[in-house]
file start.cif (mmCIF, C-alpha atoms and all ligand atoms)
data_run
loop_
_atom_site.label_atom_id
_atom_site.label_comp_id
_atom_site.auth_asym_id
_atom_site.auth_seq_id
_atom_site.Cartn_x
_atom_site.Cartn_y
_atom_site.Cartn_z
CA MET A 25 35.23 -0.34 -20.73
CA PRO A 26 32.26 -1.68 -18.75
CA ARG A 27 29.70 -3.77 -20.67
CA PRO A 28 27.00 -1.53 -22.11
CA ILE A 29 24.19 -2.98 -19.97
CA SER A 30 22.41 -0.93 -17.29
CA ALA A 31 19.11 -0.70 -15.45
CA THR A 32 17.79 2.84 -15.35
CA ILE A 33 15.60 3.59 -12.34
CA SER A 34 13.26 6.52 -12.82
CA LEU A 35 12.40 8.36 -9.60
CA PRO A 36 9.71 10.46 -11.39
CA SER A 37 8.03 7.23 -12.60
CA LEU A 38 8.13 5.73 -9.11
CA HIS A 39 6.54 8.90 -7.76
CA HIS A 40 3.99 8.95 -10.60
CA ASN A 41 2.97 5.39 -9.73
CA LEU A 42 2.50 6.28 -6.07
CA VAL A 43 0.24 9.15 -7.09
CA ALA A 44 -1.68 6.86 -9.50
CA THR A 45 -2.11 4.33 -6.71
CA ALA A 46 -3.31 6.98 -4.30
CA ALA A 47 -5.79 8.14 -6.94
CA GLN A 48 -7.36 4.67 -6.85
CA LEU A 49 -8.06 5.28 -3.19
CA ASN A 50 -9.56 8.70 -3.89
CA ILE A 51 -6.90 10.46 -1.93
CA ASN A 52 -4.11 12.69 -2.99
CA THR A 53 -0.71 12.19 -1.51
CA THR A 54 -0.42 15.65 -0.05
CA ARG A 55 -3.44 15.40 2.23
CA THR A 56 -2.97 16.46 5.82
CA PRO A 57 -2.64 13.52 8.18
CA SER A 58 -6.04 13.74 9.81
CA ARG A 59 -7.79 10.67 11.20
CA ASP A 60 -10.00 10.39 8.14
CA LEU A 61 -10.96 6.97 6.85
CA THR A 62 -9.35 7.07 3.42
CA PRO A 63 -6.63 4.42 3.40
CA ARG A 64 -3.06 5.17 4.25
CA ILE A 65 -0.40 3.64 2.05
CA TRP A 66 2.34 1.28 3.12
CA ALA A 67 4.56 1.38 0.03
CA VAL A 68 5.93 -2.16 -0.18
CA VAL A 69 9.68 -1.94 -0.76
CA LYS A 70 10.80 -5.47 0.13
CA ALA A 71 13.46 -7.29 -1.92
CA ASP A 72 15.44 -4.06 -2.35
CA ALA A 73 12.27 -2.37 -3.59
CA TYR A 74 11.49 -5.11 -6.11
CA GLY A 75 14.99 -4.65 -7.48
CA HIS A 76 14.79 -0.85 -7.79
CA GLY A 77 17.07 -0.01 -4.86
CA ILE A 78 15.51 0.68 -1.50
CA ARG A 79 17.32 3.99 -1.04
CA ASN A 80 15.74 5.26 -4.26
CA THR A 81 12.27 4.59 -2.95
CA VAL A 82 12.91 6.46 0.28
CA LYS A 83 13.16 9.52 -1.98
CA ALA A 84 10.48 8.67 -4.53
CA PHE A 85 7.87 7.44 -2.02
CA GLY A 86 8.36 10.31 0.43
CA GLU A 87 4.62 11.00 0.34
CA ALA A 88 3.62 7.45 1.29
CA ASP A 89 2.43 7.03 4.87
CA GLY A 90 4.82 4.19 5.58
CA LEU A 91 7.21 1.66 4.03
CA ALA A 92 6.72 -2.10 4.31
CA MET A 93 9.49 -4.68 3.93
CA LEU A 94 10.83 -7.90 5.40
CA ASP A 95 14.36 -7.31 6.38
CA LEU A 96 15.46 -5.56 9.55
CA ASN A 97 18.63 -4.45 7.75
CA GLU A 98 16.57 -2.83 4.98
CA ALA A 99 14.53 -1.05 7.64
CA VAL A 100 17.74 0.28 9.19
CA VAL A 101 18.87 1.49 5.74
CA CYS A 102 15.59 3.42 5.40
CA ARG A 103 15.92 4.99 8.86
CA GLU A 104 19.52 5.94 8.12
CA ALA A 105 18.41 7.43 4.80
CA GLY A 106 16.09 9.72 6.77
CA TRP A 107 12.74 7.88 6.66
CA SER A 108 11.01 8.92 9.89
CA LYS A 109 7.48 7.70 9.17
CA PRO A 110 6.25 4.19 10.05
CA ILE A 111 8.03 1.08 8.77
CA LEU A 112 6.26 -2.29 8.79
CA LEU A 113 8.15 -5.58 8.90
CA LEU A 114 5.86 -7.93 6.98
CA GLU A 115 7.18 -11.12 8.60
CA GLY A 116 7.71 -9.42 11.95
CA PHE A 117 10.64 -10.45 14.13
CA PHE A 118 12.36 -13.81 14.36
CA THR A 119 14.25 -13.77 17.66
CA PRO A 120 13.96 -11.91 20.99
CA SER A 121 17.12 -9.97 20.12
CA ASP A 122 15.37 -8.57 17.01
CA LEU A 123 12.94 -6.88 19.39
CA LYS A 124 15.69 -4.61 20.74
CA GLU A 125 16.31 -3.31 17.23
CA VAL A 126 12.59 -3.06 16.52
CA ALA A 127 12.23 -0.81 19.56
CA HIS A 128 15.39 1.15 18.80
CA TYR A 129 14.34 1.95 15.23
CA GLY A 130 10.66 2.39 16.05
CA LEU A 131 9.47 -0.32 13.64
CA THR A 132 5.98 -1.78 13.36
CA VAL A 133 5.91 -5.57 13.31
CA THR A 134 3.56 -8.19 11.98
CA VAL A 135 2.67 -10.83 14.58
CA HIS A 136 1.58 -14.02 12.86
CA ASN A 137 2.34 -16.90 15.24
CA PHE A 138 2.17 -17.83 18.90
CA GLU A 139 5.97 -18.06 19.14
CA GLN A 140 6.17 -14.32 18.48
CA ILE A 141 3.51 -13.63 21.11
CA ALA A 142 5.51 -15.68 23.64
CA MET A 143 8.62 -13.62 22.82
CA LEU A 144 6.67 -10.41 23.41
CA GLU A 145 5.35 -11.77 26.72
CA ASN A 146 8.89 -12.44 27.85
CA VAL A 147 10.50 -9.09 27.07
CA ALA A 148 10.73 -6.24 29.49
CA ALA A 149 8.40 -3.36 28.58
CA PRO A 150 10.44 -1.23 26.14
CA ALA A 151 10.88 2.53 26.54
CA ARG A 152 8.89 2.87 23.33
CA PRO A 153 6.11 0.23 23.22
CA TYR A 154 5.75 -1.81 20.04
CA ASN A 155 3.23 -1.20 17.28
CA VAL A 156 2.00 -4.46 15.81
CA PHE A 157 -0.36 -5.81 13.19
CA VAL A 158 -1.84 -9.19 14.13
CA LYS A 159 -2.21 -11.27 10.99
CA LEU A 160 -5.20 -13.46 10.22
CA ASN A 161 -5.02 -16.32 7.75
CA THR A 162 -8.18 -15.86 5.72
CA GLY A 163 -7.24 -18.36 3.01
CA MET A 164 -3.76 -17.60 1.72
CA ASN A 165 -2.50 -20.34 4.06
CA ARG A 166 0.90 -18.74 4.34
CA LEU A 167 1.34 -16.56 7.46
CA GLY A 168 -1.29 -15.66 10.04
CA PHE A 169 -3.38 -17.10 12.85
CA ALA A 170 -6.17 -19.49 11.91
CA PRO A 171 -9.62 -17.92 12.32
CA ASP A 172 -10.30 -20.10 15.38
CA ASP A 173 -7.07 -18.97 17.04
CA TYR A 174 -7.29 -15.28 16.18
CA ARG A 175 -9.43 -14.03 19.06
CA GLY A 176 -7.20 -15.82 21.58
CA ALA A 177 -4.09 -14.38 19.98
CA TYR A 178 -5.54 -10.89 19.84
CA ALA A 179 -6.62 -11.13 23.51
CA ARG A 180 -3.01 -11.90 24.51
CA ILE A 181 -1.84 -8.92 22.46
CA GLU A 182 -4.47 -6.73 24.17
CA LYS A 183 -3.08 -7.80 27.54
CA LEU A 184 0.37 -6.74 26.37
CA ARG A 185 -1.13 -3.42 25.40
CA GLN A 186 -2.44 -2.97 28.93
CA SER A 187 1.01 -3.73 30.34
CA ARG A 188 2.51 -1.17 27.93
CA VAL A 189 4.63 -3.64 25.96
CA ILE A 190 2.46 -2.87 22.96
CA ALA A 191 1.24 0.56 21.91
CA SER A 192 -1.16 -0.34 19.12
CA ALA A 193 -2.50 -3.56 17.61
CA GLY A 194 -3.78 -3.51 14.05
CA LYS A 195 -5.37 -6.36 12.11
CA MET A 196 -4.04 -7.69 8.86
CA THR A 197 -4.54 -10.32 6.20
CA HIS A 198 -3.21 -11.04 2.71
CA PHE A 199 -5.07 -11.93 -0.47
CA ALA A 200 -4.28 -15.09 -2.42
CA ARG A 201 -6.21 -14.33 -5.61
CA ALA A 202 -7.07 -10.62 -5.70
CA ASP A 203 -5.72 -10.62 -9.26
CA ASP A 204 -8.01 -13.30 -10.63
CA SER A 205 -10.93 -14.26 -8.40
CA THR A 206 -13.56 -11.93 -7.01
CA GLU A 207 -15.32 -14.82 -5.25
CA VAL A 208 -12.22 -16.05 -3.41
CA THR A 209 -11.28 -12.51 -2.40
CA ASP A 210 -14.83 -11.70 -1.31
CA GLU A 211 -14.71 -14.76 0.93
CA GLN A 212 -11.35 -13.72 2.40
CA VAL A 213 -12.78 -10.28 3.22
CA ARG A 214 -15.91 -11.86 4.70
CA ILE A 215 -13.77 -13.97 7.04
CA PHE A 216 -11.63 -10.94 7.92
CA ASN A 217 -14.67 -8.79 8.70
CA GLU A 218 -16.27 -11.53 10.77
CA VAL A 219 -13.24 -12.64 12.79
CA THR A 220 -11.83 -9.17 13.52
CA SER A 221 -15.15 -7.52 14.24
CA GLY A 222 -15.15 -5.56 17.47
CA PHE A 223 -11.35 -5.06 17.57
CA ALA A 224 -10.51 -1.40 17.36
CA GLY A 225 -7.05 -1.43 15.69
CA ALA A 226 -6.30 -0.31 12.14
CA ASP A 227 -6.83 -2.75 9.25
CA SER A 228 -4.32 -3.72 6.57
CA VAL A 229 -5.70 -5.87 3.77
CA CYS A 230 -5.20 -4.75 0.15
CA ASN A 231 -2.19 -5.43 -2.08
CA SER A 232 -1.85 -3.84 -5.57
CA ALA A 233 -4.58 -6.03 -7.07
CA GLY A 234 -6.87 -5.12 -4.17
CA VAL A 235 -6.16 -1.41 -4.55
CA PHE A 236 -6.86 -1.53 -8.31
CA THR A 237 -10.12 -3.47 -7.90
CA PRO A 238 -12.99 -0.98 -7.57
CA GLY A 239 -14.81 -1.31 -4.24
CA ARG A 240 -12.29 -3.73 -2.72
CA TRP A 241 -10.86 -1.62 0.10
CA GLN A 242 -14.36 -0.39 0.91
CA SER A 243 -15.46 -4.01 1.45
CA VAL A 244 -13.47 -4.05 4.69
CA THR A 245 -16.20 -2.91 7.02
CA SER A 246 -14.73 -2.42 10.50
CA GLY A 247 -14.73 1.36 10.13
CA SER A 248 -11.17 1.46 11.48
CA PRO A 249 -8.49 3.35 9.56
CA GLN A 250 -7.06 1.23 6.76
CA TRP A 251 -3.52 0.80 5.53
CA VAL A 252 -3.21 -0.67 2.04
CA ARG A 253 -0.01 -2.46 0.98
CA PRO A 254 0.63 -1.94 -2.73
CA GLY A 255 3.91 -3.22 -4.13
CA ILE A 256 4.18 -4.14 -7.79
CA CYS A 257 2.01 -1.29 -9.10
CA LEU A 258 4.45 1.22 -7.60
CA TYR A 259 7.12 -0.12 -9.93
CA GLY A 260 4.96 0.23 -13.02
CA ALA A 261 4.08 -3.44 -13.51
CA SER A 262 0.69 -5.09 -13.31
CA PRO A 263 -0.52 -7.63 -10.77
CA PHE A 264 -3.16 -8.80 -13.27
CA ALA A 265 -2.62 -11.21 -16.18
CA GLU A 266 -5.33 -9.50 -18.19
CA ARG A 267 -4.72 -5.79 -17.44
CA SER A 268 -1.61 -4.01 -18.63
CA ALA A 269 0.21 -1.59 -16.35
CA GLN A 270 -0.18 1.04 -19.07
CA SER A 271 -3.97 0.65 -19.03
CA MET A 272 -3.80 1.19 -15.25
CA GLY A 273 -2.02 4.53 -15.77
CA LEU A 274 1.34 3.24 -14.50
CA LEU A 275 4.80 3.98 -15.87
CA PRO A 276 7.72 1.53 -15.96
CA ALA A 277 10.18 2.52 -13.26
CA MET A 278 13.00 0.24 -14.45
CA THR A 279 14.38 0.13 -17.98
CA LEU A 280 16.85 -2.63 -18.79
CA ARG A 281 19.05 -1.31 -21.60
CA THR A 282 22.02 -2.64 -23.44
CA GLU A 283 23.56 -2.68 -26.93
CA LEU A 284 24.28 -4.92 -29.89
CA ILE A 285 27.83 -6.21 -29.66
CA CYS A 286 27.80 -8.19 -32.91
CA VAL A 287 25.77 -8.24 -36.12
CA ARG A 288 25.97 -11.14 -38.56
CA ASP A 289 24.27 -12.60 -41.62
CA ILE A 290 23.46 -16.27 -41.45
CA PRO A 291 22.36 -18.63 -44.22
CA ALA A 292 19.16 -20.68 -44.29
CA GLY A 293 19.56 -23.73 -42.11
CA ALA A 294 22.03 -22.13 -39.65
CA GLY A 295 21.35 -22.76 -35.98
CA VAL A 296 21.65 -19.93 -33.43
CA GLY A 297 23.21 -20.28 -29.99
CA TYR A 298 23.34 -23.22 -27.57
CA GLY A 299 21.42 -26.26 -28.66
CA HIS A 300 20.54 -24.61 -31.96
CA VAL A 301 16.98 -24.36 -30.66
CA PHE A 302 16.34 -21.75 -33.38
CA THR A 303 17.28 -22.52 -36.96
CA ALA A 304 16.98 -19.92 -39.72
CA ALA A 305 14.42 -20.92 -42.36
CA THR A 306 15.80 -18.30 -44.78
CA PRO A 307 18.99 -16.21 -44.86
CA MET A 308 18.74 -13.57 -42.13
CA ARG A 309 20.56 -10.93 -40.12
CA ILE A 310 20.88 -11.48 -36.44
CA GLY A 311 22.34 -9.42 -33.62
CA VAL A 312 24.08 -10.45 -30.43
CA VAL A 313 23.01 -8.47 -27.37
CA ALA A 314 25.07 -7.89 -24.22
CA CYS A 315 22.66 -9.42 -21.72
CA GLY A 316 22.20 -12.95 -20.49
CA TYR A 317 20.79 -14.91 -17.61
CA ALA A 318 23.71 -13.87 -15.39
CA ASP A 319 22.31 -10.34 -15.73
CA GLY A 320 18.88 -11.53 -14.62
CA TYR A 321 17.27 -11.96 -18.03
CA PRO A 322 15.18 -15.17 -17.89
CA ARG A 323 16.96 -18.12 -19.51
CA HIS A 324 13.63 -19.75 -20.29
CA ALA A 325 12.47 -16.78 -22.46
CA PRO A 326 11.78 -18.47 -25.82
CA THR A 327 12.23 -17.38 -29.43
CA GLY A 328 9.68 -14.66 -30.09
CA THR A 329 10.04 -12.84 -26.76
CA PRO A 330 9.77 -9.13 -27.62
CA VAL A 331 12.89 -6.93 -27.66
CA VAL A 332 13.30 -3.40 -29.04
CA VAL A 333 16.44 -2.76 -31.13
CA ALA A 334 17.19 0.75 -32.42
CA GLY A 335 13.58 1.70 -31.67
CA VAL A 336 12.12 -1.26 -33.62
CA ARG A 337 10.24 -4.03 -31.93
CA THR A 338 11.68 -7.40 -32.85
CA ARG A 339 12.18 -10.79 -31.23
CA LEU A 340 14.60 -12.92 -29.30
CA LEU A 341 16.06 -15.91 -31.15
CA GLY A 342 17.19 -19.19 -29.65
CA ARG A 343 18.41 -19.89 -26.15
CA VAL A 344 19.52 -17.10 -23.79
CA SER A 345 23.10 -17.74 -22.71
CA MET A 346 24.88 -16.56 -19.57
CA ASP A 347 26.06 -13.19 -20.92
CA MET A 348 24.42 -12.82 -24.33
CA LEU A 349 21.25 -13.35 -26.26
CA SER A 350 20.45 -13.17 -29.98
CA VAL A 351 17.81 -11.14 -31.77
CA ASP A 352 16.25 -11.03 -35.21
CA LEU A 353 17.42 -7.98 -37.20
CA ASP A 354 15.48 -8.61 -40.41
CA ALA A 355 13.15 -5.72 -39.55
CA VAL A 356 16.01 -3.48 -38.34
CA PRO A 357 18.36 -3.03 -41.33
CA GLN A 358 19.88 0.07 -39.75
CA ALA A 359 21.10 -1.92 -36.71
CA ARG A 360 24.86 -1.83 -36.12
CA VAL A 361 27.25 -2.79 -33.34
CA GLY A 362 26.42 -0.26 -30.62
CA SER A 363 22.73 0.09 -31.57
CA PRO A 364 20.59 0.50 -28.45
CA VAL A 365 18.55 -2.43 -27.18
CA VAL A 366 15.73 -2.16 -24.65
CA LEU A 367 14.88 -5.48 -23.03
CA TRP A 368 12.07 -4.01 -20.94
CA GLY A 369 10.85 -0.65 -19.72
CA GLU A 370 10.60 2.76 -21.33
CA GLY A 371 10.85 2.48 -25.12
CA GLY A 372 10.77 -1.33 -24.97
CA PRO A 373 8.37 -4.14 -24.20
CA SER A 374 6.82 -4.06 -20.76
CA VAL A 375 8.38 -6.28 -18.13
CA ASP A 376 5.02 -8.05 -17.93
CA GLU A 377 5.16 -8.94 -21.66
CA VAL A 378 8.64 -10.40 -21.32
CA ALA A 379 7.58 -12.26 -18.18
CA ARG A 380 4.48 -13.68 -19.85
CA SER A 381 6.56 -14.92 -22.76
CA ALA A 382 8.99 -16.56 -20.32
CA GLY A 383 6.17 -18.13 -18.29
CA THR A 384 6.70 -16.02 -15.20
CA ILE A 385 5.60 -12.70 -13.69
CA GLY A 386 7.08 -9.21 -13.85
CA TYR A 387 7.78 -9.35 -10.11
CA GLU A 388 10.35 -12.11 -10.63
CA LEU A 389 12.18 -10.36 -13.45
CA LEU A 390 12.42 -7.03 -11.61
CA CYS A 391 13.74 -8.71 -8.47
CA ALA A 392 16.20 -10.87 -10.40
CA VAL A 393 18.27 -8.15 -12.10
CA ALA A 394 21.78 -9.12 -11.07
CA PRO A 395 24.07 -6.99 -8.90
CA ARG A 396 26.55 -6.85 -11.81
CA VAL A 397 24.08 -4.70 -13.79
CA PRO A 398 24.80 -1.06 -12.90
CA LYS A 399 21.78 0.94 -11.80
CA ILE A 400 21.49 4.45 -13.15
CA VAL A 401 19.11 6.61 -11.17
CA VAL A 402 17.36 9.43 -13.00
C1 LIG B 501 2.18 -9.36 2.95
C2 LIG B 501 2.29 -8.64 1.65
N1 LIG B 501 1.65 -7.47 1.49
C3 LIG B 501 1.71 -6.79 0.33
C4 LIG B 501 2.43 -7.27 -0.74
C5 LIG B 501 2.46 -6.48 -2.02
O1 LIG B 501 1.88 -7.22 -3.05
P1 LIG B 501 1.82 -6.64 -4.55
O2 LIG B 501 3.24 -6.47 -4.95
O3 LIG B 501 1.14 -7.71 -5.30
O4 LIG B 501 1.10 -5.37 -4.44
C6 LIG B 501 3.10 -8.48 -0.62
C7 LIG B 501 3.85 -9.01 -1.77
O5 LIG B 501 4.10 -10.14 -1.95
C8 LIG B 501 3.03 -9.18 0.61
O6 LIG B 501 3.66 -10.35 0.78
#
call {"tool": "encode", "arguments": {"input": "start.cif", "output": "structure tokens", "more": "lines below"}}
Ligand SMILES: Cc1ncc(COP(=O)(O)O)c(C=O)c1O
result
Amino acid sequence: MPRPISATISLPSLHHNLVATAAQLNINTTRTPSRDLTPRIWAVVKADAYGHGIRNTVKAFGEADGLAMLDLNEAVVCREAGWSKPILLLEGFFTPSDLKEVAHYGLTVTVHNFEQIAMLENVAAPARPYNVFVKLNTGMNRLGFAPDDYRGAYARIEKLRQSRVIASAGKMTHFARADDSTEVTDEQVRIFNEVTSGFAGADSVCNSAGVFTPGRWQSVTSGSPQWVRPGICLYGASPFAERSAQSMGLLPAMTLRTELICVRDIPAGAGVGYGHVFTAATPMRIGVVACGYADGYPRHAPTGTPVVVAGVRTRLLGRVSMDMLSVDLDAVPQARVGSPVVLWGEGGPSVDEVARSAGTIGYELLCAVAPRVPKIVV
């Protein structure tokens, strides 16, 4: 018998979230691909689609305009699964030999440093010229050319366009604080607008927080077509600390379910689990749940982290161990061995609530679900 734990991935919820994201951009996902100026959507599916399984998103995000990810191998999986629309590699390529594959699979690449430009200058013109997005560092201070270097970098890319190594050259940046600071994000957009002004390529600026901030994508003023890059919202979690995914009209796409494998009564003064970090103040019933940090549940989730047992919201008790965790059953007298437990997702707490309690973000929990947890696709 396998352990009762599983992660259910809901294709209808993934699709719903794409539609809800598109609605923020005032487009519907079945529009005809005209050269209008409403943003196109790169559905961000990196890290195995934030833990949801990249093949699943090829199906669920069929109406997106493109998929964005990091890994060449993931891009190949998408092509082999039948994705024929654009694919963007968010960190671009790493070696000249990657460029062969980029050309072969018709991938779009981010260019963010001069080493990549040198590699492009040294390759023979491919049969199918490359599509690139040239990234500007507007304040994230992660990838991208410094504002003072950007025009020089873009001019070298333009030259490559004339020699037919490159087919198209978009412009791109990434927000550092779109979730919590209008001022910082306004300043990033101001720098983007100023430095890229006059370059004709498409723009790619907004992540989920940008898409769900009214007026944000419209603040990019080049007039070029835009490609937004939402990730977390597509999986039904929120990029904002203060706004729930539910209030944004999103549905959880992953539900982490398991069962009680033991129920016991403990006396006042009994400690629970490693370190006895929880001690019962009164006699109580507790349950042992088949899920631990080796399944991807955060070890640092403290007593009080919400859990739903047999449809009743209750709380985690004590320290999470490798394969098990304990819960308070005082409010769930009907709980038995085999009673269903939802750790996050549909019918349970949101992944963002669990993450907040554990001092992290929903992104990390979704990506961390371990390979040993079977995924059930519905
Ligand atoms: C370059 C880039 N674009 C877009 C995204 C999507 O961000 P989010 O999941 O917050 O929408 C990410 C995620 O980290 C990213 O690194």
call {"tool": "axis_aligned_box", "arguments": {"input": "start.cif", "around": "segment 164-181 of chain A", "padding_each_side": "5 Å", "output": "JSON"}}
result
{"center_x": -4.5, "center_y": -14.6, "center_z": 13.1, "size_x": 21.6, "size_y": 21.4, "size_z": 32.8}
call {"tool": "closest_residue", "arguments": {"input": "start.cif", "among": "A:Ala394, A:Leu275, A:Ile181, A:Cys230", "to": "ligand LIG 501 (chain B)", "atoms": "only C-alpha atoms and all ligand atoms"}}
result
A:Cys230
call {"tool": "atom_distance", "arguments": {"input": "start.cif", "atom1": "atom CA of Leu389 of chain A", "atom2": "atom CA of Pro276 of chain A"}}
result
12.9 Å
call {"tool": "residues_around", "arguments": {"input": "start.cif", "residues": "Pro28 of chain A", "least_positions_apart": "3", "cutoff": "12 Å", "atoms": "only C-alpha atoms", "output": "tab-separated table (two decimals) with C-alpha atoms, in the coordinates of the input"}}
result
chain	number	residue	atom	x	y	z
A	25	MET	CA	35.23	-0.34	-20.73
A	31	ALA	CA	19.11	-0.70	-15.45
A	280	LEU	CA	16.85	-2.63	-18.79
A	281	ARG	CA	19.05	-1.31	-21.60
A	282	THR	CA	22.02	-2.64	-23.44
A	283	GLU	CA	23.56	-2.68	-26.93
A	284	LEU	CA	24.28	-4.92	-29.89
A	285	ILE	CA	27.83	-6.21	-29.66
A	313	VAL	CA	23.01	-8.47	-27.37
A	314	ALA	CA	25.07	-7.89	-24.22
A	315	CYS	CA	22.66	-9.42	-21.72
A	319	ASP	CA	22.31	-10.34	-15.73
A	347	ASP	CA	26.06	-13.19	-20.92
A	348	MET	CA	24.42	-12.82	-24.33
A	361	VAL	CA	27.25	-2.79	-33.34
A	362	GLY	CA	26.42	-0.26	-30.62
A	363	SER	CA	22.73	0.09	-31.57
A	364	PRO	CA	20.59	0.50	-28.45
A	365	VAL	CA	18.55	-2.43	-27.18
A	366	VAL	CA	15.73	-2.16	-24.65
A	396	ARG	CA	26.55	-6.85	-11.81
A	397	VAL	CA	24.08	-4.70	-13.79
A	398	PRO	CA	24.80	-1.06	-12.90
A	399	LYS	CA	21.78	0.94	-11.80
call {"tool": "closest_residue", "arguments": {"input": "start.cif", "among": "A:Ala226, A:Ala379, A:Val296, A:Met93", "to": "Pro63 of chain A", "atoms": "all atoms listed in the file"}}
result
A:Ala226
call {"tool": "closest_residue", "arguments": {"input": "start.cif", "among": "A:Met272, A:Val69, A:Leu353, A:Ala179", "to": "ligand LIG 501 (chain B)", "atoms": "only C-alpha atoms and all ligand atoms"}}
result
A:Val69
call {"tool": "closest_residue", "arguments": {"input": "start.cif", "among": "A:Ala233, A:Ile78, A:Ala304, A:Met346", "to": "Ala92 of chain A", "atoms": "all atoms listed in the file"}}
result
A:Ile78
call {"tool": "closest_residue", "arguments": {"input": "start.cif", "among": "A:Gly371, A:Gly234, A:Pro120, A:Gly328", "to": "Asp203 of chain A", "atoms": "all atoms listed in the file"}}
result
A:Gly234
call {"tool": "residues_around", "arguments": {"input": "start.cif", "residues": "Asn165 of chain A", "least_positions_apart": "6", "cutoff": "12 Å", "atoms": "all atoms listed in the file", "output": "PDB file with C-alpha atoms, keeping the file's coordinate frame"}}
result
ATOM      1  CA  HIS A 136       1.580 -14.020  12.860  1.00  0.00           C
ATOM      2  CA  LYS A 159      -2.210 -11.270  10.990  1.00  0.00           C
ATOM      3  CA  PRO A 171      -9.620 -17.920  12.320  1.00  0.00           C
ATOM      4  CA  THR A 197      -4.540 -10.320   6.200  1.00  0.00           C
ATOM      5  CA  HIS A 198      -3.210 -11.040   2.710  1.00  0.00           C
ATOM      6  CA  PHE A 199      -5.070 -11.930  -0.470  1.00  0.00           C
ATOM      7  CA  ALA A 200      -4.280 -15.090  -2.420  1.00  0.00           C
ATOM      8  CA  ARG A 201      -6.210 -14.330  -5.610  1.00  0.00           C
ATOM      9  CA  GLN A 212     -11.350 -13.720   2.400  1.00  0.00           C
TER      10      GLN A 212
END
call {"tool": "closest_residue", "arguments": {"input": "start.cif", "among": "A:Arg103, A:Lys83, A:Lys124, A:Arg380", "to": "Ser268 of chain A", "atoms": "only C-alpha atoms"}}
result
A:Arg380
call {"tool": "residues_near_ligand", "arguments": {"input": "start.cif", "ligand": "ligand LIG 501 (chain B)", "cutoff": "7 Å", "atoms": "all atoms listed in the file", "output": "list of chain:residue names"}}
result
A:Val68, A:Leu114, A:His198, A:Asn231, A:Ser232, A:Ala233, A:Arg253, A:Pro254, A:Gly255, A:Ile256, A:Cys257, A:Pro263
call {"tool": "atom_distance", "arguments": {"input": "start.cif", "atom1": "atom CA of Val133 of chain A", "atom2": "atom CA of Val229 of chain A"}}
result
15.0 Å
call {"tool": "atom_distance", "arguments": {"input": "start.cif", "atom1": "atom CA of Ala224 of chain A", "atom2": "atom CA of Ser248 of chain A"}}
result
6.6 Å
call {"tool": "residues_around", "arguments": {"input": "start.cif", "residues": "Tyr317 of chain A", "least_positions_apart": "3", "cutoff": "10 Å", "atoms": "all atoms listed in the file", "output": "PyMOL selection string"}}
result
chain A and resi 320-325+344-349+392-394
call {"tool": "decode", "arguments": {"input": "start.cif", "residues": "segment 308-319 of chain A", "atoms": "N, CA and C atoms", "output": "CSV table (one decimal), in the first residue's frame"}}
result
chain,number,residue,atom,x,y,z
A,308,MET,N,-5.9,15.9,25.9
A,308,MET,CA,-6.4,16.2,24.5
A,308,MET,C,-6.2,15.0,23.6
A,309,ARG,N,-7.0,15.1,22.5
A,309,ARG,CA,-6.8,14.1,21.4
A,309,ARG,C,-5.9,14.7,20.4
A,310,ILE,N,-5.0,13.9,19.9
A,310,ILE,CA,-4.2,14.4,18.8
A,310,ILE,C,-4.2,13.3,17.7
A,311,GLY,N,-3.8,13.8,16.5
A,311,GLY,CA,-3.8,12.8,15.3
A,311,GLY,C,-2.4,12.9,14.7
A,312,VAL,N,-1.9,11.8,14.2
A,312,VAL,CA,-0.7,11.8,13.4
A,312,VAL,C,-1.0,11.7,11.9
A,313,VAL,N,-0.4,12.6,11.2
A,313,VAL,CA,-0.7,12.8,9.8
A,313,VAL,C,0.5,12.3,8.9
A,314,ALA,N,0.1,11.6,7.8
A,314,ALA,CA,1.2,11.1,7.0
A,314,ALA,C,1.7,12.2,6.0
A,315,CYS,N,2.5,13.0,6.6
A,315,CYS,CA,3.2,14.1,5.8
A,315,CYS,C,4.3,14.7,6.6
A,316,GLY,N,5.5,14.8,6.1
A,316,GLY,CA,6.5,15.5,6.9
A,316,GLY,C,7.4,16.3,5.9
A,317,TYR,N,8.5,16.7,6.5
A,317,TYR,CA,9.4,17.6,5.7
A,317,TYR,C,10.0,16.9,4.5
A,318,ALA,N,10.1,15.6,4.5
A,318,ALA,CA,10.6,14.9,3.3
A,318,ALA,C,9.5,14.8,2.2
A,319,ASP,N,8.3,15.2,2.5
A,319,ASP,CA,7.3,15.4,1.5
A,319,ASP,C,7.2,16.8,0.9
